[in-house]
>>> print(open('target-v3.txt').read())   # compact mmCIF, C-alpha atoms and all ligand atoms
# COMPACT_ATOMS: atom_id res chain seq x y z
CA MET A 4 -86.60 71.92 62.78
CA GLY A 5 -90.36 72.26 62.64
CA SER A 6 -92.66 69.87 64.48
CA PRO A 7 -93.46 66.71 62.49
CA VAL A 8 -96.60 66.81 60.37
CA ARG A 9 -99.28 64.65 61.99
CA LEU A 10 -101.73 63.09 59.56
CA THR A 11 -105.31 62.42 60.61
CA SER A 12 -106.97 59.00 60.22
CA ALA A 13 -108.85 60.33 57.19
CA GLU A 14 -105.63 61.58 55.56
CA LEU A 15 -103.81 58.34 56.31
CA TYR A 16 -106.70 56.29 54.92
CA GLU A 17 -106.72 58.30 51.70
CA ARG A 18 -102.98 57.66 51.30
CA ALA A 19 -103.35 54.01 52.35
CA LEU A 20 -106.00 53.42 49.68
CA GLU A 21 -103.37 54.33 47.08
CA LEU A 22 -100.82 51.92 48.53
CA LEU A 23 -102.63 49.00 50.16
CA PRO A 24 -105.61 47.07 48.71
CA GLY A 25 -108.63 48.56 50.48
CA GLY A 26 -106.26 50.65 52.57
CA VAL A 27 -105.53 47.85 55.04
CA ASN A 28 -103.47 44.72 55.52
CA SER A 29 -106.42 42.55 56.65
CA PRO A 30 -110.00 43.07 55.42
CA VAL A 31 -112.13 43.53 58.57
CA ARG A 32 -109.95 46.44 59.69
CA ALA A 33 -111.46 48.55 56.90
CA MET A 34 -114.84 48.88 58.72
CA ARG A 35 -116.75 48.80 55.41
CA ALA A 36 -119.45 46.59 56.92
CA ILE A 37 -120.42 49.35 59.33
CA GLY A 38 -120.06 52.11 56.76
CA ARG A 39 -117.11 53.79 58.46
CA ASP A 40 -113.55 54.58 57.55
CA PRO A 41 -110.93 52.91 59.74
CA ILE A 42 -109.33 54.58 62.72
CA PHE A 43 -105.55 54.70 62.53
CA VAL A 44 -104.08 53.66 65.85
CA ALA A 45 -101.17 55.46 67.48
CA ARG A 46 -100.84 53.28 70.58
CA GLY A 47 -102.55 51.03 73.08
CA GLU A 48 -102.57 51.24 76.88
CA GLY A 49 -104.11 48.37 78.83
CA ALA A 50 -107.68 48.09 77.56
CA GLU A 51 -107.60 51.36 75.64
CA LEU A 52 -106.64 52.44 72.14
CA ILE A 53 -105.45 55.94 71.28
CA ASP A 54 -105.80 57.03 67.67
CA VAL A 55 -103.50 59.30 65.68
CA GLU A 56 -105.65 62.30 66.62
CA GLY A 57 -105.33 61.52 70.33
CA ASN A 58 -108.87 60.16 70.83
CA GLY A 59 -109.15 57.31 73.36
CA TYR A 60 -111.38 54.24 72.99
CA VAL A 61 -112.28 51.29 75.21
CA ASP A 62 -110.97 48.46 73.05
CA TRP A 63 -113.01 45.23 72.82
CA VAL A 64 -111.09 44.00 69.76
CA MET A 65 -107.71 43.63 71.48
CA SER A 66 -105.97 42.76 68.21
CA TRP A 67 -108.69 40.10 67.65
CA GLY A 68 -107.64 37.97 70.61
CA PRO A 69 -103.91 37.85 71.26
CA LEU A 70 -103.93 40.62 73.87
CA ILE A 71 -105.50 38.74 76.76
CA ALA A 72 -103.16 40.68 79.07
CA GLY A 73 -103.99 44.04 77.47
CA HIS A 74 -101.96 46.40 75.30
CA ALA A 75 -98.30 46.85 76.16
CA HIS A 76 -98.42 44.82 79.38
CA PRO A 77 -95.18 45.69 81.20
CA ASP A 78 -94.17 42.02 81.61
CA VAL A 79 -94.67 41.33 77.90
CA VAL A 80 -92.88 44.52 76.84
CA ALA A 81 -89.95 43.71 79.15
CA ALA A 82 -89.71 40.13 77.85
CA VAL A 83 -89.81 41.24 74.21
CA THR A 84 -87.30 44.04 74.82
CA ALA A 85 -84.86 41.69 76.52
CA ALA A 86 -85.27 39.13 73.77
CA ALA A 87 -84.73 41.74 71.05
CA ALA A 88 -81.54 42.94 72.72
CA ALA A 89 -80.23 39.37 72.59
CA GLY A 90 -80.94 38.98 68.87
CA THR A 91 -84.18 39.01 66.91
CA SER A 92 -83.86 35.75 65.00
CA PHE A 93 -81.30 32.97 64.71
CA GLY A 94 -82.71 30.23 62.53
CA ALA A 95 -81.36 27.90 65.19
CA PRO A 96 -83.02 26.42 68.30
CA THR A 97 -83.39 28.39 71.54
CA GLU A 98 -84.23 27.48 75.14
CA ALA A 99 -87.38 29.62 75.10
CA GLU A 100 -88.93 27.44 72.36
CA VAL A 101 -88.53 24.39 74.58
CA GLN A 102 -90.07 26.28 77.51
CA LEU A 103 -93.04 27.46 75.43
CA ALA A 104 -93.67 23.96 74.06
CA ALA A 105 -93.59 22.62 77.64
CA GLU A 106 -96.16 25.24 78.70
CA VAL A 107 -98.44 24.23 75.84
CA VAL A 108 -98.12 20.51 76.60
CA GLU A 109 -98.85 21.14 80.27
CA ARG A 110 -102.02 23.12 79.55
CA VAL A 111 -103.61 21.69 76.40
CA PRO A 112 -105.03 18.16 76.89
CA SER A 113 -104.42 16.99 73.30
CA ALA A 114 -100.88 18.37 73.08
CA GLU A 115 -98.10 15.84 73.50
CA MET A 116 -95.79 17.57 71.01
CA VAL A 117 -95.85 21.03 69.45
CA ARG A 118 -94.64 22.64 66.20
CA MET A 119 -94.46 26.44 66.24
CA VAL A 120 -95.35 28.47 63.15
CA SER A 121 -96.06 32.17 62.57
CA SER A 122 -99.82 32.44 61.91
CA GLY A 123 -103.06 30.59 62.49
CA THR A 124 -103.42 30.15 58.74
CA GLU A 125 -100.05 28.43 58.57
CA ALA A 126 -100.93 26.23 61.55
CA THR A 127 -104.20 25.08 59.93
CA MET A 128 -102.56 24.43 56.58
CA SER A 129 -99.82 22.38 58.23
CA ALA A 130 -102.16 20.41 60.52
CA LEU A 131 -104.32 19.44 57.53
CA ARG A 132 -101.27 18.32 55.55
CA LEU A 133 -100.32 16.15 58.52
CA ALA A 134 -103.87 14.77 58.84
CA ARG A 135 -103.91 13.86 55.14
CA ALA A 136 -100.52 12.19 55.40
CA ALA A 137 -101.45 10.27 58.54
CA THR A 138 -104.77 8.97 57.17
CA GLY A 139 -103.82 8.59 53.51
CA ARG A 140 -107.08 10.43 52.69
CA ASP A 141 -107.76 13.77 50.96
CA ARG A 142 -111.13 15.04 52.06
CA ILE A 143 -111.71 17.44 54.94
CA ALA A 144 -115.01 18.38 56.59
CA LYS A 145 -115.46 21.89 57.93
CA PHE A 146 -118.46 23.87 59.16
CA ALA A 147 -120.20 26.80 57.51
CA GLY A 148 -119.41 30.05 59.30
CA ALA A 149 -116.11 28.78 60.72
CA TYR A 150 -112.88 30.52 59.79
CA HIS A 151 -109.57 28.70 59.89
CA GLY A 152 -107.38 31.29 58.20
CA HIS A 153 -107.13 31.90 54.46
CA VAL A 154 -106.19 28.31 53.62
CA ASP A 155 -107.28 27.74 49.99
CA GLY A 156 -109.43 24.69 50.60
CA LEU A 157 -111.18 26.17 53.64
CA LEU A 158 -112.47 29.46 52.21
CA ALA A 159 -115.87 28.06 51.26
CA ASP A 160 -118.69 29.44 53.44
CA ALA A 161 -116.08 30.85 55.80
CA GLY A 162 -116.85 33.28 58.60
CA SER A 163 -114.93 36.34 59.73
CA GLY A 164 -113.96 38.75 56.93
CA LEU A 165 -115.53 36.60 54.20
CA ALA A 166 -118.86 36.65 56.02
CA THR A 167 -118.43 40.37 56.68
CA GLN A 168 -117.86 41.09 52.99
CA GLY A 169 -120.37 38.53 51.75
CA ILE A 170 -117.74 36.48 49.89
CA PRO A 171 -119.06 32.89 49.64
CA ALA A 172 -115.77 31.50 48.34
CA SER A 173 -112.67 33.17 46.98
CA PRO A 174 -111.66 33.26 43.32
CA GLY A 175 -108.18 31.82 42.97
CA VAL A 176 -109.02 28.62 44.83
CA THR A 177 -108.70 25.71 42.41
CA ALA A 178 -111.68 23.47 41.78
CA ALA A 179 -109.66 20.53 43.11
CA GLN A 180 -108.94 22.29 46.41
CA ALA A 181 -112.58 23.24 46.85
CA ALA A 182 -113.73 19.74 45.89
CA ASP A 183 -111.73 18.20 48.72
CA THR A 184 -113.71 20.16 51.32
CA ALA A 185 -117.14 19.17 52.59
CA VAL A 186 -118.95 22.10 54.21
CA LEU A 187 -121.48 21.12 56.87
CA ARG A 188 -124.02 23.01 58.92
CA TRP A 189 -122.70 23.63 62.46
CA GLY A 190 -124.36 21.00 64.65
CA THR A 191 -124.38 18.32 61.92
CA VAL A 192 -122.25 15.17 62.17
CA PRO A 193 -120.63 14.24 58.82
CA GLU A 194 -122.08 11.31 56.91
CA GLU A 195 -118.90 10.68 54.96
CA ARG A 196 -116.73 7.86 56.25
CA GLU A 197 -113.53 8.51 54.26
CA LEU A 198 -112.52 11.87 55.70
CA ALA A 199 -108.94 12.73 56.57
CA ALA A 200 -110.09 15.25 59.15
CA ILE A 201 -113.03 17.00 60.68
CA VAL A 202 -111.87 20.51 61.50
CA CYS A 203 -113.89 22.79 63.73
CA GLU A 204 -113.67 25.73 66.05
CA PRO A 205 -115.01 24.02 69.19
CA TYR A 206 -116.43 27.44 70.17
CA PRO A 207 -117.04 29.02 66.75
CA ALA A 208 -116.39 32.75 67.08
CA ASN A 209 -116.08 33.83 63.45
CA MET A 210 -119.84 33.95 62.74
CA GLY A 211 -120.22 35.71 66.06
CA LEU A 212 -119.97 33.34 69.00
CA VAL A 213 -122.06 30.20 68.40
CA PRO A 214 -121.23 27.58 71.06
CA PRO A 215 -121.85 23.93 70.12
CA PRO A 216 -125.13 22.19 70.90
CA ASP A 217 -124.95 19.82 73.89
CA GLY A 218 -123.14 16.61 73.03
CA PHE A 219 -122.07 17.78 69.56
CA LEU A 220 -118.30 17.79 70.13
CA GLU A 221 -118.63 14.31 71.67
CA ALA A 222 -120.55 13.18 68.58
CA LEU A 223 -117.76 14.48 66.31
CA ARG A 224 -115.20 12.64 68.45
CA ALA A 225 -117.22 9.42 68.16
CA HIS A 226 -117.60 9.79 64.37
CA ALA A 227 -113.87 10.37 63.95
CA ASP A 228 -113.05 7.33 66.10
CA GLU A 229 -115.50 5.17 64.22
CA THR A 230 -114.34 6.17 60.73
CA GLY A 231 -110.61 6.74 61.25
CA ALA A 232 -110.78 10.49 60.56
CA LEU A 233 -108.77 12.83 62.72
CA LEU A 234 -110.58 15.38 64.87
CA VAL A 235 -108.88 18.77 64.60
CA PHE A 236 -109.86 21.60 66.96
CA ASP A 237 -109.00 25.07 65.79
CA GLU A 238 -108.45 26.81 69.12
CA VAL A 239 -106.76 29.88 67.65
CA ILE A 240 -109.37 32.01 69.45
CA SER A 241 -110.45 29.75 72.32
CA GLY A 242 -107.00 28.41 73.22
CA PHE A 243 -105.61 29.68 76.57
CA ARG A 244 -108.68 31.97 76.74
CA VAL A 245 -111.82 30.08 77.73
CA ALA A 246 -109.73 27.89 80.09
CA PRO A 247 -105.99 27.18 80.43
CA GLY A 248 -106.40 24.19 78.11
CA GLY A 249 -108.96 25.88 75.86
CA ALA A 250 -112.41 24.62 74.86
CA GLN A 251 -111.18 21.02 74.79
CA GLU A 252 -110.47 21.21 78.51
CA ARG A 253 -113.74 22.99 79.27
CA GLU A 254 -115.81 20.56 77.20
CA GLY A 255 -113.87 17.41 78.11
CA VAL A 256 -113.42 16.39 74.45
CA THR A 257 -109.85 15.76 73.29
CA PRO A 258 -109.06 16.19 69.58
CA ASP A 259 -106.22 14.42 67.77
CA LEU A 260 -104.66 17.70 66.66
CA SER A 261 -105.06 21.25 67.93
CA ILE A 262 -104.45 24.52 66.14
CA LEU A 263 -103.27 27.33 68.38
CA GLY A 264 -102.58 31.00 67.73
CA LYS A 265 -103.27 34.50 69.04
CA VAL A 266 -102.65 34.23 72.84
CA ILE A 267 -99.70 31.88 72.28
CA GLY A 268 -97.82 34.80 70.67
CA GLY A 269 -98.96 37.47 73.14
CA GLY A 270 -99.45 39.98 70.29
CA LEU A 271 -96.45 38.94 68.21
CA PRO A 272 -96.67 36.59 65.21
CA ALA A 273 -96.76 33.07 66.62
CA ALA A 274 -99.03 30.08 66.28
CA ALA A 275 -98.67 26.33 66.61
CA TYR A 276 -100.13 22.96 65.87
CA ALA A 277 -99.94 20.25 68.45
CA GLY A 278 -101.29 16.82 69.18
CA ARG A 279 -100.70 13.16 69.70
CA ARG A 280 -97.04 12.14 69.74
CA ASP A 281 -97.45 9.46 67.05
CA LEU A 282 -98.97 12.05 64.70
CA MET A 283 -96.54 14.86 65.48
CA GLU A 284 -93.60 12.48 65.02
CA ARG A 285 -94.61 12.40 61.34
CA VAL A 286 -93.52 16.06 61.01
CA ALA A 287 -90.06 16.68 59.49
CA PRO A 288 -87.32 16.20 60.51
CA ALA A 289 -88.69 13.52 62.89
CA GLY A 290 -90.80 12.23 59.99
CA ASP A 291 -91.59 12.73 56.33
CA VAL A 292 -94.34 15.39 56.37
CA TYR A 293 -92.56 18.55 55.33
CA GLN A 294 -93.20 21.87 57.04
CA ALA A 295 -90.73 24.64 57.88
CA GLY A 296 -90.42 28.37 58.62
CA THR A 297 -87.62 30.97 58.70
CA LEU A 298 -89.25 32.79 61.62
CA SER A 299 -90.94 29.80 63.31
CA GLY A 300 -90.38 29.93 67.08
CA ASN A 301 -89.05 33.47 66.66
CA PRO A 302 -87.36 34.67 69.88
CA LEU A 303 -89.49 37.83 70.24
CA ALA A 304 -92.76 36.01 69.63
CA THR A 305 -91.73 33.18 71.92
CA ALA A 306 -90.80 35.65 74.68
CA ALA A 307 -94.15 37.46 74.32
CA GLY A 308 -96.02 34.14 74.42
CA LEU A 309 -94.17 32.90 77.49
CA ALA A 310 -94.69 36.21 79.32
CA THR A 311 -98.40 36.18 78.45
CA LEU A 312 -98.94 32.56 79.51
CA GLY A 313 -97.04 33.40 82.70
CA LEU A 314 -99.76 35.91 83.59
CA LEU A 315 -102.56 33.35 83.11
CA ASP A 316 -102.85 31.78 86.55
CA ALA A 317 -106.07 30.53 88.15
CA GLY A 318 -106.87 34.00 89.46
CA ALA A 319 -106.54 35.46 85.98
CA TYR A 320 -109.14 33.05 84.56
CA GLU A 321 -111.49 33.85 87.46
CA ARG A 322 -111.12 37.57 86.75
CA LEU A 323 -111.65 37.11 83.02
CA GLU A 324 -114.78 35.02 83.60
CA ALA A 325 -116.17 37.53 86.11
CA LEU A 326 -115.45 40.45 83.77
CA THR A 327 -117.11 38.60 80.87
CA ALA A 328 -120.18 37.96 83.02
CA LEU A 329 -120.34 41.60 84.08
CA LEU A 330 -120.26 42.69 80.44
CA ALA A 331 -122.63 40.02 79.10
CA ASP A 332 -125.16 40.37 81.96
CA GLY A 333 -124.99 44.14 81.59
CA LEU A 334 -125.61 43.97 77.84
CA GLU A 335 -128.61 41.68 78.44
CA ARG A 336 -130.00 44.19 80.92
CA VAL A 337 -129.51 47.06 78.49
CA VAL A 338 -131.19 45.07 75.70
CA ALA A 339 -134.15 44.30 77.95
CA ASP A 340 -134.45 47.91 79.16
CA THR A 341 -134.29 49.41 75.66
CA GLY A 342 -136.48 46.75 74.03
CA ALA A 343 -133.86 46.21 71.33
CA SER A 344 -134.16 43.09 69.17
CA ALA A 345 -130.80 41.72 70.24
CA CYS A 346 -129.32 38.99 72.40
CA VAL A 347 -126.03 38.01 73.96
CA SER A 348 -123.92 34.91 73.41
CA ARG A 349 -120.98 34.26 75.77
CA VAL A 350 -118.32 31.90 77.04
CA PRO A 351 -115.60 33.05 79.44
CA GLY A 352 -113.44 35.56 77.56
CA LEU A 353 -115.76 35.92 74.51
CA VAL A 354 -119.00 37.80 73.94
CA THR A 355 -121.17 38.56 70.89
CA LEU A 356 -124.14 40.93 70.83
CA PHE A 357 -126.32 39.51 68.05
CA PHE A 358 -128.97 41.67 66.43
CA ALA A 359 -131.42 38.77 66.42
CA PRO A 360 -134.23 37.83 68.81
CA ALA A 361 -132.45 34.60 69.86
CA PRO A 362 -128.81 33.48 69.72
CA PRO A 363 -128.04 31.95 66.29
CA THR A 364 -127.20 28.24 66.30
CA ASP A 365 -125.66 28.14 62.82
CA TYR A 366 -124.27 30.34 60.04
CA GLU A 367 -127.60 30.74 58.29
CA ALA A 368 -129.16 32.11 61.46
CA ALA A 369 -126.13 34.36 62.09
CA ARG A 370 -126.45 35.77 58.57
CA ALA A 371 -130.11 36.54 59.21
CA CYS A 372 -129.14 39.07 61.92
CA ASP A 373 -130.10 42.69 61.37
CA LEU A 374 -126.78 43.87 59.91
CA GLU A 375 -128.03 47.43 59.41
CA ALA A 376 -128.89 47.70 63.10
CA HIS A 377 -125.55 46.18 64.02
CA ALA A 378 -123.73 48.70 61.81
CA ALA A 379 -125.62 51.65 63.26
CA PHE A 380 -124.89 50.36 66.77
CA CYS A 381 -121.16 50.03 66.05
CA ARG A 382 -120.97 53.52 64.55
CA ALA A 383 -122.71 55.03 67.58
CA MET A 384 -120.41 53.11 69.94
CA LEU A 385 -117.34 54.30 68.06
CA ASP A 386 -118.57 57.90 68.31
CA ALA A 387 -118.95 57.30 72.06
CA GLY A 388 -115.37 56.04 72.37
CA ILE A 389 -116.07 52.29 72.36
CA TYR A 390 -114.11 50.29 69.76
CA LEU A 391 -116.04 47.12 68.84
CA PRO A 392 -115.37 44.53 66.15
CA PRO A 393 -116.85 46.26 63.09
CA SER A 394 -118.68 43.11 62.01
CA GLN A 395 -121.58 41.03 63.32
CA PHE A 396 -119.53 37.93 62.51
CA GLU A 397 -116.91 38.35 65.22
CA ALA A 398 -116.63 38.25 69.01
CA TRP A 399 -115.69 40.90 71.54
CA PHE A 400 -112.51 40.07 73.44
CA PRO A 401 -112.54 40.90 77.17
CA SER A 402 -109.04 40.97 78.64
CA LEU A 403 -107.32 41.12 82.00
CA ALA A 404 -106.77 44.84 81.44
CA HIS A 405 -110.49 45.64 81.28
CA THR A 406 -111.95 46.97 84.53
CA GLU A 407 -115.45 47.43 85.89
CA ALA A 408 -115.15 51.07 84.83
CA HIS A 409 -114.52 50.01 81.20
CA VAL A 410 -117.60 47.79 81.36
CA GLU A 411 -119.69 50.60 82.84
CA ARG A 412 -118.59 53.05 80.14
CA THR A 413 -119.43 50.44 77.51
CA LEU A 414 -122.87 49.70 78.96
CA ALA A 415 -123.74 53.39 79.28
CA ALA A 416 -122.81 53.93 75.62
CA ALA A 417 -124.70 50.78 74.57
CA ARG A 418 -127.82 51.98 76.39
CA GLU A 419 -127.80 55.23 74.40
CA ALA A 420 -126.89 53.54 71.11
CA LEU A 421 -129.63 50.90 71.39
CA ALA A 422 -132.22 53.40 72.55
CA ALA A 423 -131.45 55.54 69.50
CA LEU A 424 -131.86 52.67 66.99
N1 LIG B 501 -108.48 30.08 63.07
C1 LIG B 501 -109.32 30.87 63.75
C2 LIG B 501 -110.38 30.25 64.60
C3 LIG B 501 -109.19 32.26 63.67
O1 LIG B 501 -110.05 33.04 64.34
C4 LIG B 501 -108.16 32.80 62.86
C5 LIG B 501 -107.95 34.30 62.72
N2 LIG B 501 -108.85 35.13 63.29
C6 LIG B 501 -107.32 31.93 62.18
C7 LIG B 501 -107.50 30.58 62.31
C8 LIG B 501 -106.22 32.44 61.31
O2 LIG B 501 -105.20 32.98 62.06
P1 LIG B 501 -104.21 34.04 61.41
O3 LIG B 501 -105.01 35.28 61.17
O4 LIG B 501 -103.13 34.21 62.45
O5 LIG B 501 -103.69 33.45 60.15
>>> encode(input="target-v3.txt", output="structure tokens", more="lines below")
Ligand code: PMP
Amino acid sequence: MGSPVRLTSAELYERALELLPGGVNSPVRAMRAIGRDPIFVARGEGAELIDVEGNGYVDWVMSWGPLIAGHAHPDVVAAVTAAAAAGTSFGAPTEAEVQLAAEVVERVPSAEMVRMVSSGTEATMSALRLARAATGRDRIAKFAGAYHGHVDGLLADAGSGLATQGIPASPGVTAAQAADTAVLRWGTVPEERELAAIVCEPYPANMGLVPPPDGFLEALRAHADETGALLVFDEVISGFRVAPGGAQEREGVTPDLSILGKVIGGGLPAAAYAGRRDLMERVAPAGDVYQAGTLSGNPLATAAGLATLGLLDAGAYERLEALTALLADGLERVVADTGASACVSRVPGLVTLFFAPAPPTDYEAARACDLEAHAAFCRAMLDAGIYLPPSQFEAWFPSLAHTEAHVERTLAAAREALAAL
């Protein structure tokens, strides 16, 4: 037997382009916005990625958020392995689902009951169905630059991959679905008084990180209370990351419903929606709002989520915040030293380097960033072994596996990349 043929990233991409639309299974992976071909990953170790050619990278994408404990954390791997050995799916209840729901309820202020699903998209779609049923209203308000998954009615002016590819709204969304969505500028309280829900990322991270203006989340809460709309926080990114109970805990504003994802599945497909008991009791089979899933609460995903949440004690959040500060402060220093026209936005566990003179406060400002400079920066960083989100409209994801040495390597590479711009 000869040794197996190893394909390079370039060879795999060429083949992938024949088989997968754009060569990938999710758009931002393609790296088109930075004018690069994607790197095909062989494995991850802690905070590092190793590609199929054996090159190592400091990873600041971390699967776009789920890997708060790092790649292949031994506790998570052990939990998933043990779960797999006991059966990968039953389509019947398990003890671990009850344990995971209890962990969510304990941490997330708005969560009195939880329904597990398999993706953030599914969680958003289901939470909005519930909000419409509970209020008897159709219209939803969302904010430009926010991304809530590829839910038909929420693709207008969405961030993340749509922003990256310059897609203002997707063909295939019916006029009726689009008409039921009001898109507002981030920082603007809706004027409409007949909304079913106001949905927001309390810390928007899909137009780059654009934290809310002071008092804005409180103003949304007050508007919802006054008008009978439900306030829905999409904490798919911020949940279990910026604080144990997410942005709602950190900001002291409690939504009616919360959308959770990423960290809750520890790198396996899991997400959830959660909220007030009287609302969640409307979900079937307790109530009449139908929602179901063959793999919902899947044993492997549940095990990975429980193991990951088990690692997130008070010390872990302190370390993540300190690591974020080290990175963000360091980037600010490098920007100042090199005279680059860039700035840093941060909350604990999330960082964006914006190629703009001041941090954007809305989608329009985020879109005005120097995307060419951002692309050149990302390409140079990749060549220096630093794997960044290949889009200005995303955040970097520090994790518990990143060390001071990873930050130092990143800052040294950033200094060279910015100086060369
Ligand atoms: N909401 C937010 C805030 C997200 O960032 C994402 C994905 N990045 C989603 C929802 C959709 O989650 P998923 O990709 O699991 O469908």
>>> residues_near_ligand(input="target-v3.txt", ligand="ligand LIG 501 (chain B)", cutoff="8 Å", atoms="only C-alpha atoms and all ligand atoms", output="PyMOL selection string")
chain A and resi 67-68+121-127+149-153+163+204+207-209+237-241+262-265+272-274
>>> closest_atom_pairs(input="target-v3.txt", of="stretch 307-387 of chain A", to="stretch 143-148 of chain A", cutoff="9 Å", atoms="all atoms listed in the file", output="CSV")
residue,atom,partner,partner_atom,distance
A:Asp365,CA,A:Gly148,CA,7.4
A:Tyr366,CA,A:Gly148,CA,4.9
A:Glu367,CA,A:Gly148,CA,8.3
A:Ala369,CA,A:Gly148,CA,8.5
>>> residues_around(input="target-v3.txt", residues="A:Ala359", least_positions_apart="2", cutoff="7 Å", atoms="all atoms listed in the file", output="list in words")
Ser344, Ala345, Cys346, Phe357, Ala361, Pro362, Cys372 and Asp373 of chain A
>>> residues_around(input="target-v3.txt", residues="A:Ala304", least_positions_apart="5", cutoff="9 Å", atoms="only C-alpha atoms", output="list in words")
Val83, Ser121, Ile267, Gly268, Gly269, Gly270, Leu271, Pro272, Ala273 and Leu309 of chain A
>>> residues_around(input="target-v3.txt", residues="A:Glu321", least_positions_apart="3", cutoff="12 Å", atoms="all atoms listed in the file", output="list of chain:residue names")
A:Arg244, A:Val245, A:Ala246, A:Pro247, A:Leu315, A:Asp316, A:Ala317, A:Gly318, A:Glu324, A:Ala325, A:Leu326, A:Thr327, A:Ala328, A:Pro351, A:Gly352, A:Ser402, A:Leu403
>>> residues_around(input="target-v3.txt", residues="A:Leu421", least_positions_apart="6", cutoff="10 Å", atoms="only C-alpha atoms", output="PyMOL selection string")
chain A and resi 337-338+340-345+376-377+379-380+383-384
>>> write_last_selection(input="target-v3.txt", atoms="C-alpha atoms", output="compact mmCIF listing (two decimals), keeping the file's coordinate frame")
# COMPACT_ATOMS: atom_id res chain seq x y z
CA VAL A 337 -129.51 47.06 78.49
CA VAL A 338 -131.19 45.07 75.70
CA ASP A 340 -134.45 47.91 79.16
CA THR A 341 -134.29 49.41 75.66
CA GLY A 342 -136.48 46.75 74.03
CA ALA A 343 -133.86 46.21 71.33
CA SER A 344 -134.16 43.09 69.17
CA ALA A 345 -130.80 41.72 70.24
CA ALA A 376 -128.89 47.70 63.10
CA HIS A 377 -125.55 46.18 64.02
CA ALA A 379 -125.62 51.65 63.26
CA PHE A 380 -124.89 50.36 66.77
CA ALA A 383 -122.71 55.03 67.58
CA MET A 384 -120.41 53.11 69.94
